[in-house]
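With mmCIF, C-alpha atoms inside, this is target-v2.cif:
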data_protein
loop_
_atom_site.label_atom_id
_atom_site.label_comp_id
_atom_site.auth_asym_id
_atom_site.auth_seq_id
_atom_site.Cartn_x
_atom_site.Cartn_y
_atom_site.Cartn_z
CA MET C 1 9.25 -51.42 172.20
CA ASN C 2 12.85 -52.64 172.08
CA VAL C 3 14.55 -54.90 174.59
CA THR C 4 16.78 -52.08 175.91
CA LEU C 5 13.75 -50.01 176.95
CA ASN C 6 12.19 -53.12 178.50
CA LEU C 7 15.32 -53.65 180.60
CA LEU C 8 15.28 -49.99 181.68
CA LEU C 9 11.64 -50.23 182.79
CA VAL C 10 12.41 -53.46 184.67
CA THR C 11 15.13 -51.55 186.56
CA VAL C 12 12.69 -48.73 187.40
CA GLY C 13 10.26 -51.39 188.62
CA PHE C 14 12.91 -52.77 190.97
CA VAL C 15 13.46 -49.29 192.46
CA LEU C 16 9.73 -48.86 193.06
CA LEU C 17 9.54 -52.31 194.66
CA ILE C 18 12.38 -51.76 197.11
CA LYS C 19 11.16 -48.32 198.17
CA GLY C 20 7.58 -49.53 198.36
CA ALA C 21 8.64 -52.43 200.57
CA ASP C 22 10.54 -50.10 202.90
CA LEU C 23 7.56 -47.75 203.24
CA LEU C 24 5.11 -50.60 203.80
CA VAL C 25 7.23 -52.33 206.47
CA ASN C 26 7.68 -49.10 208.43
CA GLY C 27 4.06 -48.02 208.05
CA ALA C 28 2.69 -51.43 209.02
CA SER C 29 5.04 -51.70 212.00
CA SER C 30 3.99 -48.27 213.23
CA LEU C 31 0.34 -49.27 212.87
CA ALA C 32 0.97 -52.45 214.85
CA LYS C 33 2.65 -50.55 217.68
CA ARG C 34 -0.04 -47.84 217.81
CA PHE C 35 -2.87 -50.35 218.26
CA ASN C 36 -0.87 -52.82 220.36
CA VAL C 37 -1.03 -55.37 217.55
CA SER C 38 1.77 -57.86 217.03
CA ASP C 39 4.10 -57.73 214.04
CA ILE C 40 3.01 -61.21 212.99
CA ALA C 41 -0.67 -60.20 212.80
CA ILE C 42 0.13 -57.15 210.65
CA GLY C 43 2.41 -59.28 208.48
CA LEU C 44 -0.36 -61.83 207.96
CA THR C 45 -2.91 -59.19 206.92
CA ILE C 46 -1.90 -55.73 205.65
CA VAL C 47 1.60 -56.58 204.43
CA ALA C 48 0.57 -59.95 202.97
CA MET C 49 -2.41 -58.42 201.17
CA GLY C 50 -0.30 -55.58 199.79
CA THR C 51 2.43 -57.86 198.51
CA SER C 52 -0.10 -60.31 197.03
CA ALA C 53 -1.66 -57.53 194.94
CA PRO C 54 0.58 -58.19 191.88
CA GLU C 55 -0.51 -61.86 191.73
CA LEU C 56 -4.15 -60.79 191.78
CA VAL C 57 -3.62 -58.11 189.12
CA VAL C 58 -1.70 -60.47 186.83
CA ASN C 59 -4.24 -63.28 187.16
CA ILE C 60 -7.30 -61.10 186.60
CA ILE C 61 -5.83 -59.52 183.45
CA SER C 62 -3.76 -62.51 182.36
CA GLY C 63 -5.46 -62.44 178.97
CA THR C 64 -3.88 -59.09 178.17
CA VAL C 65 -0.54 -59.90 179.81
CA VAL C 66 0.38 -62.94 177.75
CA SER C 67 -2.12 -63.60 174.98
CA PRO C 68 -5.43 -62.10 173.79
CA LYS C 69 -7.39 -65.23 174.77
CA GLY C 70 -5.63 -65.74 178.05
CA THR C 71 -3.97 -68.90 179.30
CA HIS C 72 -4.79 -71.07 182.26
CA ASP C 73 -1.20 -72.32 182.50
CA VAL C 74 -0.18 -68.75 183.26
CA VAL C 75 -2.91 -68.32 185.91
CA PHE C 76 -1.93 -71.44 187.84
CA GLY C 77 1.78 -71.20 187.09
CA ASN C 78 1.86 -67.66 188.46
CA ILE C 79 0.37 -68.66 191.83
CA ILE C 80 2.12 -72.02 192.28
CA GLY C 81 5.44 -70.57 191.13
CA SER C 82 5.02 -67.54 193.41
CA ASN C 83 4.44 -69.76 196.44
CA ILE C 84 7.56 -71.78 195.60
CA PHE C 85 9.57 -68.57 195.26
CA ASN C 86 8.11 -67.34 198.56
CA ILE C 87 9.04 -70.43 200.56
CA PHE C 88 12.35 -71.51 199.09
CA LEU C 89 13.90 -68.30 197.79
CA ILE C 90 12.47 -65.57 200.01
CA LEU C 91 12.51 -67.44 203.33
CA GLY C 92 15.97 -68.71 202.39
CA VAL C 93 17.34 -65.25 201.62
CA SER C 94 15.64 -63.63 204.63
CA SER C 95 16.86 -66.23 207.14
CA VAL C 96 20.42 -66.01 205.78
CA ILE C 97 20.28 -62.23 206.31
CA TYR C 98 18.99 -62.67 209.87
CA PRO C 99 17.73 -65.87 211.60
CA LEU C 100 13.93 -65.69 211.70
CA THR C 101 12.02 -66.31 214.92
CA VAL C 102 8.56 -67.87 214.55
CA GLN C 103 5.88 -67.49 217.22
CA ARG C 104 4.09 -70.55 218.57
CA ASN C 105 0.74 -69.47 217.14
CA ALA C 106 2.28 -69.25 213.68
CA LEU C 107 3.89 -72.68 214.14
CA TRP C 108 0.80 -74.52 215.31
CA LYS C 109 -1.93 -72.62 213.44
CA GLU C 110 -0.89 -70.44 210.50
CA ILE C 111 1.76 -72.69 208.96
CA PRO C 112 -0.50 -75.80 209.19
CA TYR C 113 -3.39 -73.79 207.72
CA SER C 114 -1.18 -72.86 204.78
CA LEU C 115 -0.39 -76.56 204.28
CA VAL C 116 -4.07 -77.55 204.56
CA ALA C 117 -5.01 -74.84 202.04
CA THR C 118 -2.46 -76.24 199.58
CA VAL C 119 -3.77 -79.80 199.99
CA ILE C 120 -7.40 -78.71 199.50
CA PHE C 121 -6.38 -76.69 196.44
CA PHE C 122 -4.61 -79.79 195.10
CA LEU C 123 -7.82 -81.83 195.50
CA LEU C 124 -10.04 -79.14 193.96
CA VAL C 125 -8.01 -78.88 190.74
CA ASN C 126 -7.56 -82.65 190.29
CA ASP C 127 -11.16 -83.61 189.52
CA LYS C 128 -10.18 -86.61 187.38
CA MET C 129 -7.79 -87.97 190.01
CA ILE C 130 -10.44 -88.02 192.76
CA GLY C 131 -13.24 -89.10 190.41
CA LEU C 132 -15.38 -85.94 190.50
CA GLY C 133 -15.26 -85.05 186.82
CA ASP C 134 -13.78 -85.62 183.39
CA THR C 135 -11.92 -82.30 183.31
CA ASN C 136 -9.41 -80.87 185.76
CA GLN C 137 -10.75 -77.40 186.40
CA LEU C 138 -11.59 -74.79 189.01
CA GLY C 139 -15.16 -73.51 188.79
CA ILE C 140 -17.37 -71.04 190.65
CA PHE C 141 -18.14 -73.51 193.46
CA ASP C 142 -14.43 -74.13 193.98
CA GLY C 143 -13.73 -70.39 193.94
CA VAL C 144 -16.44 -69.73 196.54
CA LEU C 145 -15.07 -72.53 198.74
CA LEU C 146 -11.58 -71.02 198.59
CA LEU C 147 -12.96 -67.58 199.47
CA ILE C 148 -14.85 -69.07 202.44
CA MET C 149 -11.59 -70.57 203.68
CA PHE C 150 -9.92 -67.20 203.19
CA SER C 151 -12.70 -65.51 205.21
CA LEU C 152 -12.19 -68.02 208.03
CA PHE C 153 -8.47 -67.23 208.00
CA LEU C 154 -9.17 -63.49 208.24
CA LEU C 155 -11.65 -64.11 211.06
CA TYR C 156 -9.00 -66.07 212.97
CA ILE C 157 -6.46 -63.27 212.46
CA PHE C 158 -8.77 -60.53 213.65
CA LEU C 159 -9.84 -62.56 216.67
CA ASN C 160 -6.17 -62.83 217.62
CA LEU C 161 -5.02 -59.29 216.79
CA GLN C 162 -4.32 -58.45 220.42
CA ARG C 163 -2.29 -61.53 221.23
CA ASN C 164 0.82 -60.73 223.19
CA PRO C 165 4.02 -60.87 221.09
CA ASP C 166 6.09 -62.04 224.06
CA ASP C 167 8.75 -63.59 221.86
CA SER C 168 9.45 -60.34 219.96
CA GLU C 169 12.35 -58.62 221.72
CA LEU C 170 12.55 -55.75 219.25
CA ILE C 171 8.92 -54.57 219.36
CA GLU C 172 10.02 -51.55 221.40
CA ASP C 173 12.28 -50.38 218.56
CA ILE C 174 9.31 -49.62 216.31
CA VAL C 175 8.66 -45.90 215.97
CA ILE C 176 5.06 -44.69 216.22
CA MET C 177 4.48 -42.19 213.42
CA PRO C 178 1.59 -39.72 213.18
CA VAL C 179 -1.56 -41.29 211.73
CA TRP C 180 -1.36 -39.25 208.51
CA LYS C 181 2.25 -40.30 207.97
CA THR C 182 1.45 -43.95 208.68
CA VAL C 183 -1.39 -43.90 206.13
CA ILE C 184 0.88 -42.29 203.52
CA PHE C 185 3.61 -44.88 204.12
CA VAL C 186 1.18 -47.82 203.79
CA VAL C 187 -0.68 -46.45 200.75
CA PHE C 188 2.45 -45.38 198.86
CA GLY C 189 4.19 -48.60 199.90
CA ILE C 190 1.45 -50.78 198.44
CA ALA C 191 1.29 -48.54 195.33
CA GLY C 192 5.05 -48.82 194.82
CA LEU C 193 4.91 -52.60 195.21
CA THR C 194 2.01 -53.01 192.81
CA ILE C 195 3.22 -50.59 190.13
CA GLY C 196 6.81 -51.80 190.37
CA GLY C 197 5.77 -55.45 190.20
CA ARG C 198 3.55 -54.78 187.20
CA MET C 199 6.31 -52.89 185.36
CA ILE C 200 8.69 -55.78 185.91
CA VAL C 201 6.16 -58.40 184.82
CA ASP C 202 4.99 -56.59 181.69
CA ASN C 203 8.48 -55.85 180.44
CA ALA C 204 9.91 -59.25 181.44
CA VAL C 205 7.12 -60.93 179.49
CA SER C 206 7.89 -58.72 176.47
CA ILE C 207 11.54 -59.77 176.65
CA ALA C 208 10.57 -63.45 177.02
CA LYS C 209 8.20 -63.31 174.05
CA ALA C 210 10.96 -61.75 171.96
CA PHE C 211 12.98 -64.91 172.64
CA HIS C 212 9.95 -67.23 172.05
CA VAL C 213 9.69 -68.57 175.62
CA SER C 214 6.61 -70.79 176.30
CA GLU C 215 3.66 -69.43 178.28
CA LYS C 216 3.94 -72.22 180.86
CA LEU C 217 7.55 -71.32 181.54
CA ILE C 218 6.60 -67.63 181.69
CA GLY C 219 3.99 -68.41 184.35
CA LEU C 220 6.24 -70.55 186.55
CA THR C 221 9.32 -68.37 186.28
CA ILE C 222 9.09 -64.81 184.97
CA LEU C 223 5.57 -64.00 186.19
CA ALA C 224 6.07 -65.96 189.42
CA ALA C 225 9.37 -64.22 190.10
CA GLY C 226 8.02 -60.80 189.13
CA THR C 227 4.93 -61.04 191.32
CA SER C 228 7.00 -62.49 194.19
CA LEU C 229 9.43 -59.56 194.16
CA PRO C 230 7.25 -57.57 196.60
CA GLU C 231 7.44 -60.43 199.10
CA LEU C 232 11.20 -60.70 198.56
CA ALA C 233 11.73 -56.96 198.98
CA THR C 234 9.43 -56.72 202.02
CA SER C 235 10.80 -59.78 203.81
CA ALA C 236 14.43 -58.86 203.07
CA VAL C 237 13.91 -55.34 204.42
CA ALA C 238 12.12 -56.77 207.48
CA ALA C 239 15.02 -59.19 208.04
CA PHE C 240 17.58 -56.38 207.74
CA GLN C 241 15.57 -54.46 210.33
CA LYS C 242 15.47 -57.63 212.48
CA LYS C 243 11.66 -57.73 212.40
CA SER C 244 11.51 -61.48 211.89
CA ASP C 245 7.82 -61.80 212.81
CA LEU C 246 6.97 -59.48 209.92
CA ALA C 247 9.20 -61.43 207.50
CA VAL C 248 7.70 -64.85 208.34
CA GLY C 249 4.13 -63.55 208.62
CA ASN C 250 4.46 -61.90 205.23
CA ILE C 251 5.42 -65.17 203.52
CA VAL C 252 2.93 -67.45 205.27
CA GLY C 253 0.16 -64.89 204.81
CA SER C 254 1.03 -64.27 201.16
CA ASN C 255 0.91 -67.99 200.34
CA ILE C 256 -2.50 -68.29 201.97
CA PHE C 257 -3.72 -65.14 200.19
CA ASN C 258 -2.44 -66.47 196.83
CA LEU C 259 -4.13 -69.87 197.11
CA LEU C 260 -7.40 -68.75 198.68
CA LEU C 261 -8.06 -65.12 197.74
CA VAL C 262 -6.27 -64.67 194.40
CA ILE C 263 -7.20 -68.04 192.87
CA GLY C 264 -10.67 -67.87 194.44
CA ILE C 265 -11.44 -64.55 192.75
CA THR C 266 -9.79 -65.68 189.50
CA ALA C 267 -11.95 -68.84 189.41
CA ILE C 268 -15.11 -66.77 189.75
CA VAL C 269 -14.09 -64.12 187.19
CA HIS C 270 -12.71 -66.60 184.61
CA ASN C 271 -15.06 -69.53 185.28
CA PRO C 272 -13.92 -72.20 184.69
CA ILE C 273 -10.13 -72.24 184.59
CA ILE C 274 -8.65 -75.45 183.23
CA TYR C 275 -5.83 -77.03 185.24
CA ASN C 276 -2.87 -78.84 183.70
CA PRO C 277 -1.95 -81.88 185.90
CA VAL C 278 1.69 -81.42 184.87
CA LEU C 279 1.72 -78.74 187.57
CA ASN C 280 0.97 -81.35 190.28
CA THR C 281 4.70 -81.83 190.81
CA ASP C 282 5.09 -78.14 191.48
CA LEU C 283 2.15 -78.18 193.90
CA VAL C 284 3.73 -81.06 195.81
CA ILE C 285 6.93 -79.01 196.06
CA VAL C 286 4.89 -76.22 197.69
CA MET C 287 3.57 -78.76 200.22
CA ILE C 288 7.08 -80.07 200.92
CA GLY C 289 8.45 -76.56 201.42
CA THR C 290 5.64 -75.66 203.84
CA PHE C 291 6.12 -78.90 205.80
CA MET C 292 9.86 -78.23 205.93
CA LEU C 293 9.16 -74.87 207.61
CA PHE C 294 7.21 -76.70 210.31
CA ILE C 295 9.97 -79.31 210.80
CA PHE C 296 12.74 -76.67 210.89
CA MET C 297 11.12 -75.17 213.99
CA PHE C 298 12.23 -78.25 215.97
CA THR C 299 15.80 -78.51 214.64
CA PHE C 300 18.81 -76.62 215.97
CA LYS C 301 17.20 -73.68 217.83
CA GLN C 302 13.48 -74.15 218.44
CA TYR C 303 11.01 -71.69 216.87
CA LYS C 304 13.75 -70.21 214.70
CA LEU C 305 14.70 -70.54 211.03
CA ASP C 306 18.50 -70.52 211.18
CA ARG C 307 20.97 -69.54 208.46
CA SER C 308 21.84 -73.19 207.80
CA GLU C 309 18.16 -73.98 207.23
CA GLY C 310 17.90 -70.93 204.99
CA LEU C 311 20.76 -72.33 202.92
CA ILE C 312 18.88 -75.62 202.60
CA TYR C 313 15.91 -73.68 201.23
CA LEU C 314 18.14 -71.85 198.75
CA LEU C 315 19.73 -75.11 197.57
CA GLY C 316 16.23 -76.54 197.16
CA PHE C 317 15.23 -73.51 195.10
CA PHE C 318 18.18 -73.83 192.73
CA ALA C 319 17.54 -77.58 192.40
CA TYR C 320 13.89 -76.83 191.53
CA MET C 321 14.88 -74.26 188.92
CA PHE C 322 17.26 -76.78 187.33
CA TYR C 323 14.47 -79.38 187.29
CA LEU C 324 12.01 -76.86 185.85
CA PHE C 325 14.18 -75.85 182.92
CA THR C 326 15.09 -79.46 182.11
CA ARG C 327 11.42 -80.48 182.31
CA LEU C 328 10.09 -77.68 180.15
#
Render the structure in this file as structure tokens.
Amino acid sequence: MNVTLNLLLVTVGFVLLIKGADLLVNGASSLAKRFNVSDIAIGLTIVAMGTSAPELVVNIISGTVVSPKGTHDVVFGNIIGSNIFNIFLILGVSSVIYPLTVQRNALWKEIPYSLVATVIFFLLVNDKMIGLGDTNQLGIFDGVLLLIMFSLFLLYIFLNLQRNPDDSELIEDIVIMPVWKTVIFVVFGIAGLTIGGRMIVDNAVSIAKAFHVSEKLIGLTILAAGTSLPELATSAVAAFQKKSDLAVGNIVGSNIFNLLLVIGITAIVHNPIIYNPVLNTDLVIVMIGTFMLFIFMFTFKQYKLDRSEGLIYLLGFFAYMFYLFTRL
């Protein structure tokens, strides 16, 4: 397959992603309104799970995506890189499009839980650092622990599904569609996101391999960017539609899903997966970005990610990319 065809398929993938994101946002919003569920709750569950599907697909079949024997750098680089893209690039772009309001529950519970999940993940993969082994790896026990944490997160969400979205002024603008139409929008939206993301990843990797790019760099950049495109498309569309709860919930939920569900399942399927401590710097950047989101809620306008703060995120993203390419 030549590079020109790869580029064409990448373009088709983008089209599927954007349309899929639009369908999913509208379908999920309609579902939230029909059952009196807040945008943030839907964003943290249905939308986040749908847009995290590419990360799960890529990690489970990473052996066929990059090399016949698979590569652990790609598995971890995909997830860590995706979370960096989510926080710095996607939140930055979305908040520049339209300032994002964050509910108090998200500020005091979901964002801190995302930070705690990242810290625990950091400890689990650094066995040598904390003196629990001679090899840095993620085994079945670690995977089960991550899945238990994910289950607790889902339990919390479902126990709070009926919380009153009193800070969402635009909830009345959501159109309730017939059930059959809502189901079609959600199903086709998730399908478009998954298929489009996979087309982009597969063909981007083919292009990268043609230019002899390292697998570690593929994981942290091309695969991370490709599998984060659903989050970017979904959050950007939500921001354009001024559904800021959905945009923020999508990112926070996706990061939690990536670290707990995707890596948890991957650790069980590919037991064990060896971790390269070089990625610790990137993990710390995820922690910093998540903590920044918490701090930004108390600067300028409270409980809102302003355009100026979005620009700070974007500058941080470009600085990280410069660091990444000079490091690798």
task: Using the chain letters and numbering of this document, enumerate as a VMD selection string the residues selected by the PyMOL selection byres ((chain C and resi 182-193) around 6).
output: chain C and resid 16 to 17 20 to 21 23 to 24 27 50 177 179 to 181 194 to 197 230
Would you export the selected residues with C-alpha atoms as a PDB file, keeping the file's coordinate frame, please?
ATOM      1  CA  LEU C  16       9.730 -48.860 193.060  1.00  0.00           C
ATOM      2  CA  LEU C  17       9.540 -52.310 194.660  1.00  0.00           C
ATOM      3  CA  GLY C  20       7.580 -49.530 198.360  1.00  0.00           C
ATOM      4  CA  ALA C  21       8.640 -52.430 200.570  1.00  0.00           C
ATOM      5  CA  LEU C  23       7.560 -47.750 203.240  1.00  0.00           C
ATOM      6  CA  LEU C  24       5.110 -50.600 203.800  1.00  0.00           C
ATOM      7  CA  GLY C  27       4.060 -48.020 208.050  1.00  0.00           C
ATOM      8  CA  GLY C  50      -0.300 -55.580 199.790  1.00  0.00           C
ATOM      9  CA  MET C 177       4.480 -42.190 213.420  1.00  0.00           C
ATOM     10  CA  VAL C 179      -1.560 -41.290 211.730  1.00  0.00           C
ATOM     11  CA  TRP C 180      -1.360 -39.250 208.510  1.00  0.00           C
ATOM     12  CA  LYS C 181       2.250 -40.300 207.970  1.00  0.00           C
ATOM     13  CA  THR C 194       2.010 -53.010 192.810  1.00  0.00           C
ATOM     14  CA  ILE C 195       3.220 -50.590 190.130  1.00  0.00           C
ATOM     15  CA  GLY C 196       6.810 -51.800 190.370  1.00  0.00           C
ATOM     16  CA  GLY C 197       5.770 -55.450 190.200  1.00  0.00           C
ATOM     17  CA  PRO C 230       7.250 -57.570 196.600  1.00  0.00           C
TER      18      PRO C 230
END
message: I'd like to see the residues matched by the PyMOL selection byres ((chain C and resi 4-9) around 10) on this file, and ideally I'd get them as a PyMOL selection string.
response: chain C and resi 1-3+10-15+196+199-200+202-207
Filtering to C-alpha atoms, could you give me those residues as a PDB file, in the frame of the given file?
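For reference, again.pdb as written:
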ATOM      1  CA  MET C   1       9.250 -51.420 172.200  1.00  0.00           C
ATOM      2  CA  ASN C   2      12.850 -52.640 172.080  1.00  0.00           C
ATOM      3  CA  VAL C   3      14.550 -54.900 174.590  1.00  0.00           C
ATOM      4  CA  VAL C  10      12.410 -53.460 184.670  1.00  0.00           C
ATOM      5  CA  THR C  11      15.130 -51.550 186.560  1.00  0.00           C
ATOM      6  CA  VAL C  12      12.690 -48.730 187.400  1.00  0.00           C
ATOM      7  CA  GLY C  13      10.260 -51.390 188.620  1.00  0.00           C
ATOM      8  CA  PHE C  14      12.910 -52.770 190.970  1.00  0.00           C
ATOM      9  CA  VAL C  15      13.460 -49.290 192.460  1.00  0.00           C
ATOM     10  CA  GLY C 196       6.810 -51.800 190.370  1.00  0.00           C
ATOM     11  CA  MET C 199       6.310 -52.890 185.360  1.00  0.00           C
ATOM     12  CA  ILE C 200       8.690 -55.780 185.910  1.00  0.00           C
ATOM     13  CA  ASP C 202       4.990 -56.590 181.690  1.00  0.00           C
ATOM     14  CA  ASN C 203       8.480 -55.850 180.440  1.00  0.00           C
ATOM     15  CA  ALA C 204       9.910 -59.250 181.440  1.00  0.00           C
ATOM     16  CA  VAL C 205       7.120 -60.930 179.490  1.00  0.00           C
ATOM     17  CA  SER C 206       7.890 -58.720 176.470  1.00  0.00           C
ATOM     18  CA  ILE C 207      11.540 -59.770 176.650  1.00  0.00           C
TER      19      ILE C 207
END
For CA of Val75 (chain C) and CA of His212 (chain C), the interatomic separation in Å (one decimal):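 Going from CA of Val75 (chain C) over to CA of His212 (chain C), I get 18.9 Å.
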- request: Measure the distance from CA of Val248 (chain C) to CA of Gln103 (chain C) in Å and round it to one decimal.
  value: 9.4 Å
Wanna dump the region 207-299 of chain C-region 82-95 of chain C contacts at 12 Å for me, each residue with its shortest atom pair and the distance in Å to one decimal, counting all atoms listed in the file, ordered by chain and number, as a tab-separated table?
residue	atom	partner	partner_atom	distance
C:Ile218	CA	C:Ser82	CA	11.8
C:Gly219	CA	C:Ser82	CA	9.2
C:Leu220	CA	C:Ser82	CA	7.6
C:Thr221	CA	C:Ser82	CA	8.4
C:Ile222	CA	C:Ser82	CA	9.8
C:Leu223	CA	C:Ser82	CA	8.1
C:Ala224	CA	C:Ser82	CA	4.4
C:Ala225	CA	C:Ser82	CA	6.4
C:Gly226	CA	C:Ser82	CA	8.5
C:Thr227	CA	C:Ser82	CA	6.8
C:Ser228	CA	C:Ser82	CA	5.5
C:Leu229	CA	C:Ile90	CA	8.9
C:Pro230	CA	C:Asn86	CA	10.0
C:Glu231	CA	C:Asn86	CA	7.0
C:Leu232	CA	C:Ile90	CA	5.2
C:Ala233	CA	C:Ile90	CA	8.7
C:Thr234	CA	C:Ile90	CA	9.6
C:Ser235	CA	C:Ser94	CA	6.2
C:Ala236	CA	C:Ser94	CA	5.2
C:Val237	CA	C:Ser94	CA	8.5
C:Ala238	CA	C:Ser94	CA	8.2
C:Ala239	CA	C:Ser94	CA	5.6
C:Phe240	CA	C:Ser94	CA	8.1
C:Gln241	CA	C:Ser94	CA	10.8
C:Lys242	CA	C:Ser94	CA	9.9
C:Lys243	CA	C:Ser94	CA	10.5
C:Ser244	CA	C:Ser95	CA	8.6
C:Asp245	CA	C:Ser94	CA	11.5
C:Leu246	CA	C:Ser94	CA	11.0
C:Ala247	CA	C:Ser94	CA	7.4
C:Val248	CA	C:Leu91	CA	7.4
C:Gly249	CA	C:Leu91	CA	10.6
C:Asn250	CA	C:Asn86	CA	9.3
C:Ile251	CA	C:Asn86	CA	6.0
C:Val252	CA	C:Ile87	CA	8.3
C:Gly253	CA	C:Asn86	CA	10.4
C:Ser254	CA	C:Asn83	CA	8.0
C:Asn255	CA	C:Asn83	CA	5.6
C:Ile256	CA	C:Asn83	CA	9.0
C:Phe257	CA	C:Asn83	CA	10.1
C:Asn258	CA	C:Asn83	CA	7.6
C:Leu259	CA	C:Asn83	CA	8.6
C:Val262	CA	C:Ser82	CA	11.7
C:Thr281	CA	C:Ile84	CA	11.5
C:Asp282	CA	C:Ile84	CA	8.0
C:Leu283	CA	C:Ile84	CA	8.6
C:Val284	CA	C:Ile84	CA	10.0
C:Ile285	CA	C:Ile84	CA	7.3
C:Val286	CA	C:Ile84	CA	5.6
C:Met287	CA	C:Ile84	CA	9.3
C:Ile288	CA	C:Ile87	CA	9.8
C:Gly289	CA	C:Ile87	CA	6.2
C:Thr290	CA	C:Ile87	CA	7.0
C:Phe291	CA	C:Ile87	CA	10.4
C:Met292	CA	C:Ile87	CA	9.5
C:Leu293	CA	C:Ile87	CA	8.3
C:Phe294	CA	C:Ile87	CA	11.7
C:Phe296	CA	C:Ser95	CA	11.8
Output C-alpha atoms for every residue in the selection just made, as a PDB file, keeping the file's coordinate frame.
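Result went into again19.pdb, see below:
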ATOM      1  CA  ILE C 218       6.600 -67.630 181.690  1.00  0.00           C
ATOM      2  CA  GLY C 219       3.990 -68.410 184.350  1.00  0.00           C
ATOM      3  CA  LEU C 220       6.240 -70.550 186.550  1.00  0.00           C
ATOM      4  CA  THR C 221       9.320 -68.370 186.280  1.00  0.00           C
ATOM      5  CA  ILE C 222       9.090 -64.810 184.970  1.00  0.00           C
ATOM      6  CA  LEU C 223       5.570 -64.000 186.190  1.00  0.00           C
ATOM      7  CA  ALA C 224       6.070 -65.960 189.420  1.00  0.00           C
ATOM      8  CA  ALA C 225       9.370 -64.220 190.100  1.00  0.00           C
ATOM      9  CA  GLY C 226       8.020 -60.800 189.130  1.00  0.00           C
ATOM     10  CA  THR C 227       4.930 -61.040 191.320  1.00  0.00           C
ATOM     11  CA  SER C 228       7.000 -62.490 194.190  1.00  0.00           C
ATOM     12  CA  LEU C 229       9.430 -59.560 194.160  1.00  0.00           C
ATOM     13  CA  PRO C 230       7.250 -57.570 196.600  1.00  0.00           C
ATOM     14  CA  GLU C 231       7.440 -60.430 199.100  1.00  0.00           C
ATOM     15  CA  LEU C 232      11.200 -60.700 198.560  1.00  0.00           C
ATOM     16  CA  ALA C 233      11.730 -56.960 198.980  1.00  0.00           C
ATOM     17  CA  THR C 234       9.430 -56.720 202.020  1.00  0.00           C
ATOM     18  CA  SER C 235      10.800 -59.780 203.810  1.00  0.00           C
ATOM     19  CA  ALA C 236      14.430 -58.860 203.070  1.00  0.00           C
ATOM     20  CA  VAL C 237      13.910 -55.340 204.420  1.00  0.00           C
ATOM     21  CA  ALA C 238      12.120 -56.770 207.480  1.00  0.00           C
ATOM     22  CA  ALA C 239      15.020 -59.190 208.040  1.00  0.00           C
ATOM     23  CA  PHE C 240      17.580 -56.380 207.740  1.00  0.00           C
ATOM     24  CA  GLN C 241      15.570 -54.460 210.330  1.00  0.00           C
ATOM     25  CA  LYS C 242      15.470 -57.630 212.480  1.00  0.00           C
ATOM     26  CA  LYS C 243      11.660 -57.730 212.400  1.00  0.00           C
ATOM     27  CA  SER C 244      11.510 -61.480 211.890  1.00  0.00           C
ATOM     28  CA  ASP C 245       7.820 -61.800 212.810  1.00  0.00           C
ATOM     29  CA  LEU C 246       6.970 -59.480 209.920  1.00  0.00           C
ATOM     30  CA  ALA C 247       9.200 -61.430 207.500  1.00  0.00           C
ATOM     31  CA  VAL C 248       7.700 -64.850 208.340  1.00  0.00           C
ATOM     32  CA  GLY C 249       4.130 -63.550 208.620  1.00  0.00           C
ATOM     33  CA  ASN C 250       4.460 -61.900 205.230  1.00  0.00           C
ATOM     34  CA  ILE C 251       5.420 -65.170 203.520  1.00  0.00           C
ATOM     35  CA  VAL C 252       2.930 -67.450 205.270  1.00  0.00           C
ATOM     36  CA  GLY C 253       0.160 -64.890 204.810  1.00  0.00           C
ATOM     37  CA  SER C 254       1.030 -64.270 201.160  1.00  0.00           C
ATOM     38  CA  ASN C 255       0.910 -67.990 200.340  1.00  0.00           C
ATOM     39  CA  ILE C 256      -2.500 -68.290 201.970  1.00  0.00           C
ATOM     40  CA  PHE C 257      -3.720 -65.140 200.190  1.00  0.00           C
ATOM     41  CA  ASN C 258      -2.440 -66.470 196.830  1.00  0.00           C
ATOM     42  CA  LEU C 259      -4.130 -69.870 197.110  1.00  0.00           C
ATOM     43  CA  VAL C 262      -6.270 -64.670 194.400  1.00  0.00           C
ATOM     44  CA  THR C 281       4.700 -81.830 190.810  1.00  0.00           C
ATOM     45  CA  ASP C 282       5.090 -78.140 191.480  1.00  0.00           C
ATOM     46  CA  LEU C 283       2.150 -78.180 193.900  1.00  0.00           C
ATOM     47  CA  VAL C 284       3.730 -81.060 195.810  1.00  0.00           C
ATOM     48  CA  ILE C 285       6.930 -79.010 196.060  1.00  0.00           C
ATOM     49  CA  VAL C 286       4.890 -76.220 197.690  1.00  0.00           C
ATOM     50  CA  MET C 287       3.570 -78.760 200.220  1.00  0.00           C
ATOM     51  CA  ILE C 288       7.080 -80.070 200.920  1.00  0.00           C
ATOM     52  CA  GLY C 289       8.450 -76.560 201.420  1.00  0.00           C
ATOM     53  CA  THR C 290       5.640 -75.660 203.840  1.00  0.00           C
ATOM     54  CA  PHE C 291       6.120 -78.900 205.800  1.00  0.00           C
ATOM     55  CA  MET C 292       9.860 -78.230 205.930  1.00  0.00           C
ATOM     56  CA  LEU C 293       9.160 -74.870 207.610  1.00  0.00           C
ATOM     57  CA  PHE C 294       7.210 -76.700 210.310  1.00  0.00           C
ATOM     58  CA  PHE C 296      12.740 -76.670 210.890  1.00  0.00           C
TER      59      PHE C 296
END
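We find CA of Gln137 (chain C) and CA of Asn271 (chain C) to be spaced 9.0 Å apart.
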message: Just want the 6 Å neighbourhood of Pro99 (chain C), counted on all atoms listed in the file, with same-chain residues fewer than 2 positions away dropped. Output as a ChimeraX atom specification.
response: /C:95,305-307
Output for the residues just chosen: C-alpha atoms as a compact mmCIF listing (two decimals), in the coordinates of the input:
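Contents of part_11.txt, freshly written:
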# COMPACT_ATOMS: atom_id res chain seq x y z
CA SER C 95 16.86 -66.23 207.14
CA LEU C 305 14.70 -70.54 211.03
CA ASP C 306 18.50 -70.52 211.18
CA ARG C 307 20.97 -69.54 208.46
